[in-house]
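Have a look at model12.tsv; it's TSV, C-alpha atoms:
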chain	number	residue	atom	x	y	z
N	29	MET	CA	-22.67	111.75	-125.76
N	30	THR	CA	-20.49	113.92	-128.01
N	31	ALA	CA	-21.11	117.27	-129.68
N	32	GLY	CA	-21.08	115.51	-133.04
N	33	GLN	CA	-23.78	113.09	-131.95
N	34	VAL	CA	-26.00	115.87	-130.62
N	35	LEU	CA	-25.54	117.87	-133.82
N	36	ALA	CA	-26.29	114.80	-135.94
N	37	ILE	CA	-29.52	114.14	-134.06
N	38	PHE	CA	-30.82	117.67	-134.63
N	39	VAL	CA	-29.64	117.86	-138.25
N	40	ILE	CA	-31.35	114.57	-139.11
N	41	ASP	CA	-34.53	115.62	-137.31
N	42	ARG	CA	-34.63	119.02	-139.09
N	43	ALA	CA	-33.88	117.35	-142.42
N	44	LEU	CA	-36.79	114.96	-141.91
N	45	GLU	CA	-39.08	117.91	-141.21
N	46	TRP	CA	-37.89	119.57	-144.42
N	47	VAL	CA	-38.55	116.37	-146.38
N	48	ALA	CA	-42.03	116.20	-144.87
N	49	GLY	CA	-42.85	119.78	-145.84
N	50	PHE	CA	-41.35	119.43	-149.31
N	51	SER	CA	-43.20	116.18	-150.05
N	52	LEU	CA	-46.57	117.77	-149.30
N	53	TYR	CA	-46.17	120.07	-152.33
N	54	PHE	CA	-46.52	117.03	-154.61
N	55	LEU	CA	-49.84	115.92	-153.17
N	56	ASP	CA	-53.17	116.20	-154.89
N	57	GLU	CA	-55.00	119.41	-154.07
N	58	ASP	CA	-57.85	117.44	-152.55
N	59	PRO	CA	-58.20	118.80	-148.97
N	60	GLU	CA	-58.97	115.40	-147.49
N	61	THR	CA	-55.90	113.80	-149.03
N	62	PHE	CA	-53.74	116.66	-147.79
N	63	ARG	CA	-55.23	116.42	-144.29
N	64	ILE	CA	-54.56	112.70	-144.01
N	65	ALA	CA	-51.03	113.03	-145.37
N	66	THR	CA	-50.12	115.84	-142.98
N	67	ASN	CA	-51.59	113.90	-140.05
N	68	VAL	CA	-49.38	110.95	-140.94
N	69	TRP	CA	-46.32	113.18	-141.20
N	70	TYR	CA	-47.01	114.82	-137.84
N	71	VAL	CA	-47.16	111.40	-136.18
N	72	VAL	CA	-44.02	110.24	-137.99
N	73	LEU	CA	-42.18	113.38	-136.89
N	74	GLY	CA	-43.28	112.71	-133.32
N	75	VAL	CA	-41.95	109.15	-133.35
N	76	ALA	CA	-38.86	109.66	-135.55
N	77	PRO	CA	-36.68	111.30	-132.85
N	78	PHE	CA	-36.78	108.07	-130.84
N	79	ALA	CA	-35.42	106.13	-133.81
N	80	ILE	CA	-32.84	108.83	-134.54
N	81	VAL	CA	-31.62	108.94	-130.93
N	82	ALA	CA	-31.50	105.14	-130.73
N	83	ALA	CA	-29.41	104.99	-133.91
N	84	VAL	CA	-26.99	107.81	-133.03
N	85	LEU	CA	-26.61	107.24	-129.28
N	86	ARG	CA	-26.04	103.51	-129.31
N	87	GLY	CA	-24.02	103.57	-126.09
N	88	VAL	CA	-26.56	105.60	-124.11
N	89	SER	CA	-29.56	103.93	-122.49
N	90	TRP	CA	-33.05	105.41	-122.38
N	91	HIS	CA	-32.80	105.32	-118.61
N	92	GLU	CA	-29.73	107.59	-118.75
N	93	LEU	CA	-31.66	110.11	-120.84
N	94	GLY	CA	-34.35	110.23	-118.19
N	95	TRP	CA	-36.90	107.95	-119.77
N	96	ARG	CA	-38.05	106.57	-116.43
N	97	PRO	CA	-40.91	107.20	-113.98
N	98	ALA	CA	-40.65	109.60	-111.05
N	99	PRO	CA	-42.27	109.77	-107.59
N	100	ARG	CA	-45.86	111.03	-107.66
N	101	ARG	CA	-44.99	114.34	-106.03
N	102	TRP	CA	-43.17	115.39	-109.21
N	103	TYR	CA	-46.36	115.18	-111.24
N	104	GLY	CA	-47.91	117.60	-108.78
N	105	ALA	CA	-44.88	119.84	-109.30
N	106	ALA	CA	-45.48	119.52	-113.04
N	107	LEU	CA	-49.04	120.81	-112.63
N	108	LEU	CA	-47.70	123.73	-110.60
N	109	ALA	CA	-45.23	124.48	-113.40
N	110	VAL	CA	-48.10	124.49	-115.90
N	111	LEU	CA	-49.96	126.99	-113.70
N	112	VAL	CA	-46.85	129.19	-113.47
N	113	TYR	CA	-46.49	129.08	-117.25
N	114	TRP	CA	-50.09	130.11	-117.91
N	115	VAL	CA	-49.94	132.93	-115.36
N	116	GLY	CA	-46.65	134.10	-116.83
N	117	SER	CA	-48.04	133.92	-120.37
N	118	GLY	CA	-51.01	136.02	-119.31
N	119	ILE	CA	-48.71	138.68	-117.88
N	120	VAL	CA	-46.54	138.69	-121.01
N	121	ASN	CA	-49.60	138.95	-123.27
N	122	ALA	CA	-50.91	141.87	-121.23
N	123	LEU	CA	-47.62	143.79	-121.14
N	124	LEU	CA	-46.18	142.82	-124.53
N	125	PRO	CA	-49.02	141.51	-126.71
N	126	GLU	CA	-46.79	141.41	-129.79
N	127	MET	CA	-44.38	139.07	-127.95
N	128	GLY	CA	-46.89	136.77	-126.29
N	129	GLU	CA	-47.78	133.30	-127.45
N	130	PRO	CA	-49.90	133.49	-130.63
N	131	ALA	CA	-51.88	130.39	-129.70
N	132	ALA	CA	-54.73	131.15	-132.08
N	133	GLU	CA	-52.29	131.44	-134.99
N	134	THR	CA	-50.50	128.28	-133.93
N	135	LEU	CA	-53.72	126.30	-133.88
N	136	SER	CA	-54.98	127.83	-137.15
N	137	GLN	CA	-52.57	125.57	-139.09
N	138	PHE	CA	-54.67	122.63	-137.92
N	139	GLY	CA	-57.86	124.01	-139.43
N	140	GLY	CA	-60.26	121.40	-140.82
N	141	ARG	CA	-59.20	118.75	-138.33
N	142	SER	CA	-61.18	117.29	-135.47
N	143	ILE	CA	-60.22	118.14	-131.91
N	144	LEU	CA	-59.04	114.54	-131.48
N	145	GLU	CA	-56.65	114.88	-134.43
N	146	VAL	CA	-55.28	118.16	-133.09
N	147	LEU	CA	-54.82	116.65	-129.64
N	148	VAL	CA	-52.89	113.66	-131.02
N	149	ILE	CA	-50.59	116.00	-132.97
N	150	THR	CA	-50.04	118.73	-130.38
N	151	ALA	CA	-50.51	116.90	-127.08
N	152	VAL	CA	-48.95	113.51	-127.84
N	153	ALA	CA	-46.55	113.56	-130.79
N	154	GLY	CA	-45.20	117.05	-130.14
N	155	PRO	CA	-44.40	116.73	-126.41
N	156	LEU	CA	-42.82	113.30	-126.78
N	157	ALA	CA	-40.48	114.41	-129.55
N	158	GLU	CA	-39.61	117.82	-128.10
N	159	GLU	CA	-38.91	116.68	-124.57
N	160	LEU	CA	-36.66	113.90	-125.81
N	161	LEU	CA	-34.71	116.26	-128.10
N	162	PHE	CA	-34.53	119.48	-126.10
N	163	ARG	CA	-34.36	118.13	-122.57
N	164	GLY	CA	-33.25	114.50	-122.83
N	165	VAL	CA	-30.52	115.15	-125.42
N	166	LEU	CA	-29.64	118.85	-125.68
N	167	TYR	CA	-30.12	119.88	-122.04
N	168	ARG	CA	-28.31	116.82	-120.75
N	169	TRP	CA	-25.33	117.39	-123.06
N	170	LEU	CA	-25.09	121.09	-122.16
N	171	ARG	CA	-25.39	120.38	-118.45
N	172	ASP	CA	-22.59	117.83	-118.49
N	173	ARG	CA	-20.28	120.41	-120.03
N	174	TRP	CA	-21.28	123.84	-118.73
N	175	GLY	CA	-23.50	123.21	-115.72
N	176	VAL	CA	-27.17	123.59	-114.93
N	177	VAL	CA	-27.57	127.36	-115.41
N	178	ALA	CA	-25.98	127.46	-118.85
N	179	ALA	CA	-27.86	124.32	-119.89
N	180	VAL	CA	-31.22	125.73	-118.80
N	181	VAL	CA	-30.66	129.02	-120.62
N	182	LEU	CA	-29.19	127.62	-123.83
N	183	SER	CA	-31.58	124.68	-124.22
N	184	SER	CA	-34.57	126.94	-123.53
N	185	ALA	CA	-33.36	129.53	-126.03
N	186	THR	CA	-32.91	126.82	-128.66
N	187	PHE	CA	-36.38	125.46	-127.89
N	188	ALA	CA	-37.90	128.93	-128.33
N	189	LEU	CA	-36.03	129.63	-131.57
N	190	ALA	CA	-37.25	126.34	-133.01
N	191	HIS	CA	-40.80	127.68	-132.79
N	192	ASP	CA	-42.65	130.84	-133.80
N	193	ASP	CA	-40.38	133.79	-133.02
N	194	ARG	CA	-43.34	135.90	-131.88
N	195	ALA	CA	-43.77	133.48	-129.02
N	196	SER	CA	-40.12	133.56	-128.02
N	197	ILE	CA	-40.58	134.96	-124.50
N	198	GLY	CA	-43.34	132.54	-123.52
N	199	LEU	CA	-41.62	129.57	-125.11
N	200	PHE	CA	-38.30	130.43	-123.48
N	201	GLY	CA	-40.04	130.52	-120.09
N	202	PHE	CA	-41.75	127.22	-120.84
N	203	GLY	CA	-38.40	125.70	-121.79
N	204	VAL	CA	-36.91	126.88	-118.50
N	205	LEU	CA	-39.73	125.26	-116.52
N	206	MET	CA	-39.41	121.97	-118.42
N	207	ALA	CA	-35.63	121.94	-118.00
N	208	LEU	CA	-35.93	122.54	-114.25
N	209	LEU	CA	-38.54	119.81	-113.91
N	210	TYR	CA	-36.26	117.42	-115.77
N	211	GLU	CA	-33.23	118.44	-113.74
N	212	ARG	CA	-34.91	118.11	-110.36
N	213	SER	CA	-36.95	114.97	-111.04
N	214	GLY	CA	-34.42	113.23	-113.29
N	215	SER	CA	-37.33	112.03	-115.39
N	216	LEU	CA	-38.53	112.92	-118.86
N	217	TYR	CA	-41.91	111.51	-117.86
N	218	VAL	CA	-42.49	114.56	-115.68
N	219	ALA	CA	-41.57	117.05	-118.40
N	220	VAL	CA	-43.66	115.19	-120.97
N	221	PHE	CA	-46.61	115.16	-118.57
N	222	ALA	CA	-46.37	118.93	-118.03
N	223	HIS	CA	-45.98	119.53	-121.78
N	224	VAL	CA	-49.00	117.36	-122.58
N	225	VAL	CA	-51.20	119.11	-120.00
N	226	THR	CA	-50.13	122.52	-121.31
N	227	ASN	CA	-50.91	121.65	-124.91
N	228	VAL	CA	-54.23	120.00	-124.06
N	229	LEU	CA	-55.29	123.17	-122.26
N	230	LEU	CA	-54.12	125.23	-125.23
N	231	VAL	CA	-56.26	123.22	-127.64
N	232	LEU	CA	-59.33	123.17	-125.40
N	233	ILE	CA	-59.19	126.90	-124.63
N	234	TYR	CA	-58.78	128.07	-128.21
N	235	ALA	CA	-60.61	125.36	-130.10
N	236	LEU	CA	-63.80	124.89	-128.08

File written out as structure tokens:
Amino acid sequence: MTAGQVLAIFVIDRALEWVAGFSLYFLDEDPETFRIATNVWYVVLGVAPFAIVAAVLRGVSWHELGWRPAPRRWYGAALLAVLVYWVGSGIVNALLPEMGEPAAETLSQFGGRSILEVLVITAVAGPLAEELLFRGVLYRWLRDRWGVVAAVVLSSATFALAHDDRASIGLFGFGVLMALLYERSGSLYVAVFAHVVTNVLLVLIYAL
């Protein structure tokens, strides 16, 4: 995996997101049409990274990227990481409310959708795409060149910057936890599992 390949993957992925956002401006103002179209785009953006990675990294197998199961104990470790994240987020919100994770604002963009729709978008499409890109591709490439510590810090910082900047501290911490899970287990399944559980809890806590 070369620097050019990694850059190409992220540039293509960001460009696709831009195309998705731009195309929505040409839709009819009917709320139902807009809702359906955005749902489709969210799912496409969740699946697209797999096609992009497959096209760009032709000499790298999915197994090499970590797309393989792990021993059961690692899923228990993933649940512990989720607990650590939520406790840490609570502390950050209490001490620095302006820098905590604005979960209510994040979920407000999905207004008008059913809980099932929100779960598919945030707890299935999102985790699959993000773990593949930020841990399977970016973290792995950074680790092979600069070691684990640099890879954890840089991939987590990139992950945080790709989201709402007000949530940078919480998202950076989450990125660190996911990178460590991936590093220790060698499996993206574990990181995806932790990411899914975190987002499901997020939706249920703020939407119910």

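Comparing the minimum interatomic distances between N:Tyr210 and each of N:Pro97, N:Ile143, N:Trp174, N:Val112, counting only C-alpha atoms, we find that N:Pro97 sits nearest.
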
Once you add 3 Å to each side, what are the centre and edge lengths of the axis-aligned box holding all listed atoms of stretch 67-84 of chain N? One decimal in Å, as lines of an AutoDock Vina configuration file, if you can.
center_x = -39.3
center_y = 109.9
center_z = -136.0
size_x = 30.6
size_y = 15.8
size_z = 16.5

Excluding N:Trp102 and its own-chain neighbours fewer than 2 positions away, which residues fall within 8 Å of it when counting only C-alpha atoms? Please give them as an mmCIF file with C-alpha atoms, in the frame of the given file.
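Okay, part.cif is ready:
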data_model
loop_
_atom_site.group_PDB
_atom_site.id
_atom_site.type_symbol
_atom_site.label_atom_id
_atom_site.label_comp_id
_atom_site.auth_asym_id
_atom_site.auth_seq_id
_atom_site.Cartn_x
_atom_site.Cartn_y
_atom_site.Cartn_z
ATOM 1 C CA ALA N 98 -40.650 109.600 -111.050
ATOM 2 C CA PRO N 99 -42.270 109.770 -107.590
ATOM 3 C CA ARG N 100 -45.860 111.030 -107.660
ATOM 4 C CA GLY N 104 -47.910 117.600 -108.780
ATOM 5 C CA ALA N 105 -44.880 119.840 -109.300
ATOM 6 C CA ALA N 106 -45.480 119.520 -113.040
ATOM 7 C CA LEU N 209 -38.540 119.810 -113.910
ATOM 8 C CA SER N 213 -36.950 114.970 -111.040
ATOM 9 C CA VAL N 218 -42.490 114.560 -115.680
#

Subject >> Straight-line distance linking atom CA of N:Leu230 with atom CA of N:Ala179, stated in Å to one decimal >> reply: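 Taking atom CA of N:Leu230 as the start and atom CA of N:Ala179 as the end point, the length is 26.8 Å.
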
Using only C-alpha atoms, which residues of stretch 148-233 of chain N come within 10 Å of stretch 79-94 of chain N, and what is the closest atom pair for each, with the distance in Å to one decimal? Give it as CSV, sorted by chain and residue number.
residue,atom,partner,partner_atom,distance
N:Leu160,CA,N:Leu93,CA,8.0
N:Leu161,CA,N:Val81,CA,8.4
N:Arg163,CA,N:Leu93,CA,8.6
N:Gly164,CA,N:Leu93,CA,5.1
N:Val165,CA,N:Leu93,CA,6.9
N:Tyr167,CA,N:Leu93,CA,10.0
N:Arg168,CA,N:Leu93,CA,7.5
N:Trp169,CA,N:Leu93,CA,9.9
N:Tyr210,CA,N:Gly94,CA,7.8
N:Glu211,CA,N:Gly94,CA,9.4
N:Ser213,CA,N:Gly94,CA,9.0
N:Gly214,CA,N:Gly94,CA,5.7
N:Ser215,CA,N:Gly94,CA,4.5
N:Leu216,CA,N:Gly94,CA,5.0
N:Tyr217,CA,N:Gly94,CA,7.7
N:Val218,CA,N:Gly94,CA,9.6
N:Ala219,CA,N:Gly94,CA,9.9

Generate the output file for the selected residues, C-alpha atoms, as a short mmCIF file (atom, residue, chain, number, x, y, z; two decimals), in the coordinates of the input.
data_model
loop_
_atom_site.label_atom_id
_atom_site.label_comp_id
_atom_site.auth_asym_id
_atom_site.auth_seq_id
_atom_site.Cartn_x
_atom_site.Cartn_y
_atom_site.Cartn_z
CA LEU N 160 -36.66 113.90 -125.81
CA LEU N 161 -34.71 116.26 -128.10
CA ARG N 163 -34.36 118.13 -122.57
CA GLY N 164 -33.25 114.50 -122.83
CA VAL N 165 -30.52 115.15 -125.42
CA TYR N 167 -30.12 119.88 -122.04
CA ARG N 168 -28.31 116.82 -120.75
CA TRP N 169 -25.33 117.39 -123.06
CA TYR N 210 -36.26 117.42 -115.77
CA GLU N 211 -33.23 118.44 -113.74
CA SER N 213 -36.95 114.97 -111.04
CA GLY N 214 -34.42 113.23 -113.29
CA SER N 215 -37.33 112.03 -115.39
CA LEU N 216 -38.53 112.92 -118.86
CA TYR N 217 -41.91 111.51 -117.86
CA VAL N 218 -42.49 114.56 -115.68
CA ALA N 219 -41.57 117.05 -118.40
#
